[in-house]
Amino acid sequence: MKKVVSLALISVFLMLGSLLLTPAFAAPVIKRPMGIYVATIEGGVPETVDPAWCYDTASAELIFNVYDTLLYFDGESLEHFIPQLATEYTLQEVNWTSPEGLFCRYRYTFKIRQNVNFTSGHLLTPKDVEYSIERGMIQDRCGGPQWMFYEPLLNSWGAEAWNIGTATVPGPEAELVGKMIDHAVESNATHVWFNLAFPGPYAPFLQILSQSWSSILSKQWVNEYVIGTLHRPEWPGDWPDYTSWLAYHDPAVSPLDDPSPIMCGTGPYKLVILDYAAKYWTVERNVNYWRGWPAEWPAPPYPSDPAKNPTPAGYVDTATVTWAYEWPARSSMFLAGDVDFCAVPREYIGTIVGQPGLRCTYPLPVLAVGSLFFTFDVDPATPYGTINDYGVFTADGIPRDFFGNPTWGIHTRLAFAYAFDYTTYLQTAFLGEAIAPATAIIPGLVCYDGSIPGYTYNIDKAYDEFSKVPGLVGTGFTVTVTYNTGNIPRQRACEKLKEGIDAINAKYHTSFVVNIVNIDWKPYLGAMVRSQLATFIIGWLADYPDPHNFAFPFYHSEGTFAACQKYSNPTMDDLIKKGIEESDPVKRCQIYHDIQVLARQETPSIPLYQAVGRHFERDWVVGWHYNTISPGIYFYNLWKWYYVPHSEFPDYPPYDYSNRLPEDVNYDGKVDMKDIGYTCKSYGATYGPPLHERWHFRCDINNDRKIDMKDIGFAAKDYGKTSSVWAPPP
């Protein structure tokens with residue numbers, strides 16, 4: 001009976017599909033058919049090529065394309081993984097005590113893939129995995145990602161939690177920490193295992209292992225080339241006395257970056273050049289990539305028969321990312337087809353959306369927030385503005401504790417919060433496609449509390465708060481607010497803050513001065529880590545979708561942002577520790593409620609925007625998919641072809657790498673029941689959040705982020721037609 005209904009529906013779908021496609025224009029010839037060119041915002045330079053150091057999206061995008069991790073996210077899912085360098089894993093309750101007395105209740109064990117080569121020619125072994133993770137924990141650079149390993153493995157936030165001293169004068173606990181790191185990750189000839197001292201299985205652990213900081217390096221390459229040939233100060237991977245590791249702890253710069261960037265991974269691409277002067281990097285296809293070409297994933301929504309999954313038809317030989325162009329130049333290049341992916345400022349989307357040959361994917365839910373941060377103790381050596389001694393006010397500067405004074409610092413922070421016009425800012429900078437959350441625990445996260453009141457614009461209240469700071473109103477101040485070059489929403493935020501402060505001056509005849517400075521991404525991050533930015537605006541993209549991943553970096557004294565700000569509150573630290581350890585969902589959300597209330601009271605930072613995402617690409621790009629915590633574009637799944645289901649053209653260029661069947665869901669050169677079946681299987685699914693279990697981006701034929709009758713109609717429209725399959729152009 002079901003088969004009869006399905007066949008009857010097809011005739012209806014055929015009629016429906018004929019009404020769904022509206023001819024637009026003849027498709028132009030594809031430029032650079034085997035290459036991808038990305039124009040990102042000016043100033044978007046990678047800070048590092050070192051996976052252990054990397055904690056920014058510009059760096060992670062490059063690293064993801066050169067290195068592999070043990071696991072990787074399956075398409076757009078955050079909960080389903082595909083095996084990469086690990087072929088399988090287990091989680092066991094072991095109740096094991098390490099030689100130095102660290103009790104470990106749980107253990108993750110991974111079987112490592114065989115016959116995988118690094119681009120240096122070295123063969124991957126489990127020792128490389130152990131080395132890579134331990135190397136990162138040893139490095140543990142200030143403001144870096146290694147807290148995500150220390151927390152599950154050593155139940156701590158970093159090496160500095162112990163009295164480790166320095167390489168010159170090791171502290172009494174340096175040997176202990178070295179041994180704990182050594183025994184946290186172990187390996188044999190076939191497997192690697194992680195011993196967790198955290199009081200629980202640590203739910204985000206697999207997601208952490210799927211991110212850029214978990215990329216695997218070759219231990220042999222490091223010893224033979226980085227240390228042996230280049231003579232760089234890199235950890236060799238041995239433990240002669242369990243204190244020598246201190247020589248490699250928290251370096252000023254990664255040995256893989258200084259004096260020039262070097263990379264060696266098992267990933268789908270190899271670094272050709274990273275040119276900071278010319279402002280671009282290029283990777284080329286690793287023809288010997290162990291997974292092969294073209295890509296074999298991501299598959300449709302977790303089907304039971306992998307052999308029937310669609311496989312991407314093509315691939316990209318070279319990819320280039322540049323940050324050399326401001327918006328007018330980027331816009332012209334994008335419209336001309338000289339750019340395949342383009343960073344489009346929100347305020348200019350009206351000039352792009354609907355233009356021939358361009359595609360905008362919208363809406364995209366975003367697990368990210370941009371915030372204005374206050375540094376509680378500014379380094380007086382900063383080149384960005386005049387910083388006086390504690391409590392010393394002058395008209396041309398601010399005291400170093402301007403935002404962090406324990407008595408009146410809260411008033412300057414609240415004054416700045418009241419001086420910002422959130423409604424106008426979101427409308428102008430994001431065209432209303434964003435909200436200003438009350439805290440860093442944003443919508444889309446478990447335990448988000450919408451009852452926490454957000455910040456509001458009120459210059460009278462701002463002046464009242466400034467008036468509560470002794471000596472401030474009569475003296476005035478000059479403060480420097482900063483943003484990273486090329487980030488227009490953050491530039492507009494600085495301008496909006498300045499407008500609010502100027503409005504206070506106009507009404508109350510005060511002398512408050514705001515200077516706006518833009519800084520390129522790499523020095524911006526460096527100055528932030530050194531506490532040299534009195535205020536700074538920066539975004540946080542989820543490492544994993546859990547409130548702890550926002551509470552810790554924003555509000556814990558050792559968190560990524562809080563440590564740079566030198567913000568510390570023991571009550572907050574205790575709440576955050578309890579929040580990640582609590583397994584009862586009701587009790588856990590009560591803890592995060594308390595965190596959000598305290599964060600609103602303390603105001604160490606002000607969330608400015610959580611935007612709805614948009615993605616822009618040329619319509620000849622195939623295979624891009626959206627993962628809310630992916631740091632950038634992953635090129636392995638891409639190719640160029642006029643296949644895309646949402647390329648609604650009446651005409652296609654006459655060359656072999658152009659498929660004339662927009663409804664060919666499985667890329668096999670024909671539209672048949674498989675294509676309709678894949679789409680029907682995902683019927684009713686939406687991207688979310690939360691992500692529907694049956695969602696898959698390939699089945700969203702009309703690209704509206706939901707799978708419904710329109711998509712089935714598209715798939716049925718060209719039923720029975722055939723076309724050429726993808727082949728590399730001559």
# chains A, B, ... in the order shown; residues from 1 in each chain; ligands from 1

$ residues_around --residues "A:Thr628" --least-positions-apart "5" --cutoff "9 Å" --atoms "only C-alpha atoms" --output "JSON list (two decimals) with N, CA and C atoms, in the first residue's frame"
[["chain", "number", "residue", "atom", "x", "y", "z"],
["A", 76, "GLU", "N", 26.94, 18.31, 9.34],
["A", 76, "GLU", "CA", 26.51, 19.42, 10.17],
["A", 76, "GLU", "C", 26.20, 19.01, 11.60],
["A", 77, "SER", "N", 26.33, 17.73, 11.90],
["A", 77, "SER", "CA", 26.01, 17.24, 13.24],
["A", 77, "SER", "C", 27.12, 17.57, 14.23],
["A", 78, "LEU", "N", 26.71, 17.83, 15.47],
["A", 78, "LEU", "CA", 27.67, 18.03, 16.55],
["A", 78, "LEU", "C", 27.76, 16.79, 17.45],
["A", 364, "LEU", "N", 21.35, 30.82, 9.23],
["A", 364, "LEU", "CA", 22.25, 29.85, 9.84],
["A", 364, "LEU", "C", 22.35, 30.14, 11.33],
["A", 365, "PRO", "N", 21.92, 29.23, 12.19],
["A", 365, "PRO", "CA", 22.04, 29.46, 13.63],
["A", 365, "PRO", "C", 23.51, 29.52, 14.03],
["A", 366, "VAL", "N", 23.82, 30.38, 14.98],
["A", 366, "VAL", "CA", 25.21, 30.63, 15.35],
["A", 366, "VAL", "C", 25.40, 30.43, 16.85],
["A", 367, "LEU", "N", 26.32, 29.54, 17.21],
["A", 367, "LEU", "CA", 26.71, 29.37, 18.61],
["A", 367, "LEU", "C", 27.97, 30.21, 18.85],
["A", 368, "ALA", "N", 27.80, 31.50, 18.75],
["A", 368, "ALA", "CA", 28.92, 32.44, 18.92],
["A", 368, "ALA", "C", 28.37, 33.74, 19.44],
["A", 541, "LEU", "N", 33.48, 31.56, 19.42],
["A", 541, "LEU", "CA", 32.78, 30.48, 18.75],
["A", 541, "LEU", "C", 32.89, 29.24, 19.62],
["A", 542, "ALA", "N", 31.79, 28.54, 19.81],
["A", 542, "ALA", "CA", 31.78, 27.38, 20.69],
["A", 542, "ALA", "C", 32.84, 26.36, 20.30],
["A", 545, "PRO", "N", 29.15, 22.49, 22.21],
["A", 545, "PRO", "CA", 27.88, 23.15, 22.55],
["A", 545, "PRO", "C", 27.42, 22.89, 23.98]]

$ residues_around --residues "A:Ile519" --least-positions-apart "4" --cutoff "7 Å" --atoms "only C-alpha atoms" --output "number ranges by chain"
A: 483-485, 523-524

$ write_last_selection --atoms "C-alpha atoms" --output "mmCIF file, in the first residue's frame"
data_model
loop_
_atom_site.group_PDB
_atom_site.id
_atom_site.type_symbol
_atom_site.label_atom_id
_atom_site.label_comp_id
_atom_site.auth_asym_id
_atom_site.auth_seq_id
_atom_site.Cartn_x
_atom_site.Cartn_y
_atom_site.Cartn_z
ATOM 1 C CA TYR A 483 38.840 46.021 17.317
ATOM 2 C CA ASN A 484 40.510 43.765 14.759
ATOM 3 C CA THR A 485 41.097 45.309 11.351
ATOM 4 C CA PRO A 523 49.061 41.547 17.010
ATOM 5 C CA TYR A 524 45.530 42.096 18.320
#

$ residues_around --residues "A:Lys219" --least-positions-apart "5" --cutoff "9 Å" --atoms "only C-alpha atoms" --output "PyMOL selection string"
chain A and resi 127-129+131-132+224+236-237

$ select_by_dssp --residues "stretch 431-493 of chain A" --states "helix (DSSP H, G or I)" --output "list in words"
Ile459, Asp460, Lys461, Ala462, Tyr463, Asp464, Glu465, Phe466, Ser467, Leu472, Val473, Gly474, Thr475, Ile488, Pro489, Arg490, Gln491, Arg492 and Ala493 of chain A

$ closest_residue --among "A:Asp574, A:Glu88, A:Asp675, A:Glu93" --to "A:Tyr592" --atoms "only C-alpha atoms"
A:Asp574

$ closest_atom_pairs --of "stretch 558-631 of chain A" --to "stretch 439-443 of chain A" --cutoff "9 Å" --atoms "only C-alpha atoms" --output "JSON lines"
{"residue": "A:Tyr592", "atom": "CA", "partner": "A:Ile441", "partner_atom": "CA", "distance": 8.3}
{"residue": "A:Ile595", "atom": "CA", "partner": "A:Ile441", "partner_atom": "CA", "distance": 9.0}
{"residue": "A:Gln596", "atom": "CA", "partner": "A:Thr439", "partner_atom": "CA", "distance": 6.2}
{"residue": "A:Val597", "atom": "CA", "partner": "A:Thr439", "partner_atom": "CA", "distance": 8.7}
{"residue": "A:Ala599", "atom": "CA", "partner": "A:Thr439", "partner_atom": "CA", "distance": 6.6}
{"residue": "A:Arg600", "atom": "CA", "partner": "A:Thr439", "partner_atom": "CA", "distance": 6.5}
{"residue": "A:Thr603", "atom": "CA", "partner": "A:Thr439", "partner_atom": "CA", "distance": 8.7}
{"residue": "A:Ser605", "atom": "CA", "partner": "A:Thr439", "partner_atom": "CA", "distance": 8.3}
{"residue": "A:Ile606", "atom": "CA", "partner": "A:Thr439", "partner_atom": "CA", "distance": 7.2}
{"residue": "A:Pro607", "atom": "CA", "partner": "A:Thr439", "partner_atom": "CA", "distance": 6.0}
{"residue": "A:Gln610", "atom": "CA", "partner": "A:Ile442", "partner_atom": "CA", "distance": 7.8}

$ select_by_dssp --residues "stretch 168-328 of chain A" --states "strand (DSSP E or B)" --output "list in words"
Pro170, Val185, Glu186, Ser187, His191, Val192, Trp193, Phe194, Asn195, Leu196, Tyr269, Lys270, Leu271, Val272, Ile273, Leu274, Asp275, Tyr280, Trp281, Thr282, Val283, Glu284, Arg285, Thr318, Ala319, Thr320, Val321 and Thr322 of chain A

$ write_last_selection --atoms "N, CA and C atoms" --output "mmCIF file, in the first residue's frame"
data_model
loop_
_atom_site.group_PDB
_atom_site.id
_atom_site.type_symbol
_atom_site.label_atom_id
_atom_site.label_comp_id
_atom_site.auth_asym_id
_atom_site.auth_seq_id
_atom_site.Cartn_x
_atom_site.Cartn_y
_atom_site.Cartn_z
ATOM 1 N N PRO A 170 63.096 25.053 38.770
ATOM 2 C CA PRO A 170 61.871 24.260 38.839
ATOM 3 C C PRO A 170 61.235 24.324 40.220
ATOM 4 N N VAL A 185 48.153 10.380 29.027
ATOM 5 C CA VAL A 185 48.003 9.846 27.671
ATOM 6 C C VAL A 185 49.036 8.736 27.495
ATOM 7 N N GLU A 186 48.560 7.548 27.120
ATOM 8 C CA GLU A 186 49.454 6.401 26.965
ATOM 9 C C GLU A 186 49.192 5.740 25.617
ATOM 10 N N SER A 187 50.156 4.983 25.142
ATOM 11 C CA SER A 187 49.988 4.308 23.856
ATOM 12 C C SER A 187 50.764 3.003 23.828
ATOM 13 N N HIS A 191 47.126 1.233 19.903
ATOM 14 C CA HIS A 191 46.098 2.038 20.551
ATOM 15 C C HIS A 191 46.691 3.216 21.325
ATOM 16 N N VAL A 192 45.827 4.198 21.561
ATOM 17 C CA VAL A 192 46.113 5.316 22.461
ATOM 18 C C VAL A 192 44.973 5.395 23.457
ATOM 19 N N TRP A 193 45.289 5.681 24.725
ATOM 20 C CA TRP A 193 44.218 5.840 25.697
ATOM 21 C C TRP A 193 44.447 7.068 26.573
ATOM 22 N N PHE A 194 43.342 7.636 26.980
ATOM 23 C CA PHE A 194 43.321 8.842 27.796
ATOM 24 C C PHE A 194 42.727 8.499 29.155
ATOM 25 N N ASN A 195 43.477 8.758 30.212
ATOM 26 C CA ASN A 195 43.032 8.502 31.579
ATOM 27 C C ASN A 195 42.460 9.789 32.166
ATOM 28 N N LEU A 196 41.177 9.772 32.522
ATOM 29 C CA LEU A 196 40.492 10.974 32.977
ATOM 30 C C LEU A 196 40.449 11.050 34.500
ATOM 31 N N TYR A 269 45.381 18.369 2.466
ATOM 32 C CA TYR A 269 46.138 19.400 1.755
ATOM 33 C C TYR A 269 47.491 19.637 2.411
ATOM 34 N N LYS A 270 48.404 20.208 1.621
ATOM 35 C CA LYS A 270 49.738 20.574 2.087
ATOM 36 C C LYS A 270 49.896 22.084 1.942
ATOM 37 N N LEU A 271 50.581 22.684 2.900
ATOM 38 C CA LEU A 271 50.829 24.119 2.820
ATOM 39 C C LEU A 271 51.845 24.404 1.715
ATOM 40 N N VAL A 272 51.464 25.309 0.810
ATOM 41 C CA VAL A 272 52.380 25.774 -0.228
ATOM 42 C C VAL A 272 53.073 27.043 0.221
ATOM 43 N N ILE A 273 52.289 28.003 0.711
ATOM 44 C CA ILE A 273 52.855 29.277 1.147
ATOM 45 C C ILE A 273 51.905 29.949 2.122
ATOM 46 N N LEU A 274 52.486 30.584 3.118
ATOM 47 C CA LEU A 274 51.786 31.503 4.008
ATOM 48 C C LEU A 274 52.589 32.795 3.981
ATOM 49 N N ASP A 275 52.098 33.758 3.233
ATOM 50 C CA ASP A 275 52.828 35.006 2.987
ATOM 51 C C ASP A 275 52.148 36.131 3.750
ATOM 52 N N TYR A 280 48.168 36.266 2.146
ATOM 53 C CA TYR A 280 47.408 35.114 1.670
ATOM 54 C C TYR A 280 48.127 33.833 2.054
ATOM 55 N N TRP A 281 47.378 32.739 2.041
ATOM 56 C CA TRP A 281 47.992 31.419 2.119
ATOM 57 C C TRP A 281 47.358 30.509 1.074
ATOM 58 N N THR A 282 48.135 29.527 0.631
ATOM 59 C CA THR A 282 47.681 28.579 -0.382
ATOM 60 C C THR A 282 48.043 27.167 0.050
ATOM 61 N N VAL A 283 47.103 26.253 -0.135
ATOM 62 C CA VAL A 283 47.365 24.829 0.070
ATOM 63 C C VAL A 283 47.094 24.098 -1.234
ATOM 64 N N GLU A 284 47.757 22.961 -1.415
ATOM 65 C CA GLU A 284 47.526 22.135 -2.594
ATOM 66 C C GLU A 284 47.155 20.723 -2.170
ATOM 67 N N ARG A 285 46.482 20.029 -3.034
ATOM 68 C CA ARG A 285 45.957 18.705 -2.731
ATOM 69 C C ARG A 285 47.066 17.710 -2.422
ATOM 70 N N THR A 318 43.682 23.101 -5.490
ATOM 71 C CA THR A 318 44.357 24.157 -4.731
ATOM 72 C C THR A 318 43.319 25.071 -4.110
ATOM 73 N N ALA A 319 43.674 25.648 -2.990
ATOM 74 C CA ALA A 319 42.794 26.597 -2.305
ATOM 75 C C ALA A 319 43.638 27.731 -1.753
ATOM 76 N N THR A 320 43.134 28.936 -1.915
ATOM 77 C CA THR A 320 43.825 30.129 -1.434
ATOM 78 C C THR A 320 42.865 30.962 -0.595
ATOM 79 N N VAL A 321 43.354 31.444 0.527
ATOM 80 C CA VAL A 321 42.607 32.371 1.377
ATOM 81 C C VAL A 321 43.409 33.661 1.469
ATOM 82 N N THR A 322 42.770 34.779 1.178
ATOM 83 C CA THR A 322 43.445 36.079 1.243
ATOM 84 C C THR A 322 42.687 37.035 2.143
#

$ residues_around --residues "A:Lys670" --least-positions-apart "4" --cutoff "7 Å" --atoms "only C-alpha atoms" --output "PyMOL selection string"
chain A and resi 664+720-723

$ write_last_selection --atoms "C-alpha atoms" --output "PDB file, in the first residue's frame"
ATOM      1  CA  ASP A 664      20.648  14.599  -8.702  1.00  0.00           C
ATOM      2  CA  GLY A 720      14.375   9.627 -15.308  1.00  0.00           C
ATOM      3  CA  LYS A 721      16.768  12.132 -16.814  1.00  0.00           C
ATOM      4  CA  THR A 722      20.498  11.468 -17.072  1.00  0.00           C
ATOM      5  CA  SER A 723      23.587  13.605 -17.501  1.00  0.00           C
TER       6      SER A 723
END

$ atom_distance --atom1 "atom CA of A:Ile36" --atom2 "atom CA of A:Glu663"
23.8 Å

$ residues_around --residues "A:Pro690" --least-positions-apart "2" --cutoff "10 Å" --atoms "only C-alpha atoms" --output "compact mmCIF listing (two decimals) with N, CA and C atoms, in the first residue's frame"
# COMPACT_ATOMS: atom_id res chain seq x y z
N SER A 77 26.33 17.73 11.90
CA SER A 77 26.01 17.24 13.24
C SER A 77 27.12 17.57 14.23
N LEU A 78 26.71 17.83 15.47
CA LEU A 78 27.67 18.03 16.55
C LEU A 78 27.76 16.79 17.45
N PRO A 365 21.92 29.23 12.19
CA PRO A 365 22.04 29.46 13.63
C PRO A 365 23.51 29.52 14.03
N GLY A 444 20.43 28.79 22.59
CA GLY A 444 20.96 27.65 21.86
C GLY A 444 21.75 26.72 22.74
N LEU A 445 22.13 27.21 23.94
CA LEU A 445 22.87 26.39 24.90
C LEU A 445 21.91 25.86 25.96
N THR A 686 14.60 19.81 9.97
CA THR A 686 15.12 21.17 9.89
C THR A 686 16.50 21.21 10.52
N TYR A 687 17.23 22.29 10.17
CA TYR A 687 18.58 22.38 10.73
C TYR A 687 18.56 22.64 12.22
N GLY A 688 17.55 23.36 12.68
CA GLY A 688 17.50 23.68 14.11
C GLY A 688 18.10 25.04 14.41
N HIS A 692 17.78 18.33 13.73
CA HIS A 692 16.89 17.18 13.62
C HIS A 692 17.70 15.94 13.27
N GLU A 693 17.32 14.82 13.83
CA GLU A 693 18.08 13.58 13.65
C GLU A 693 18.18 13.18 12.17
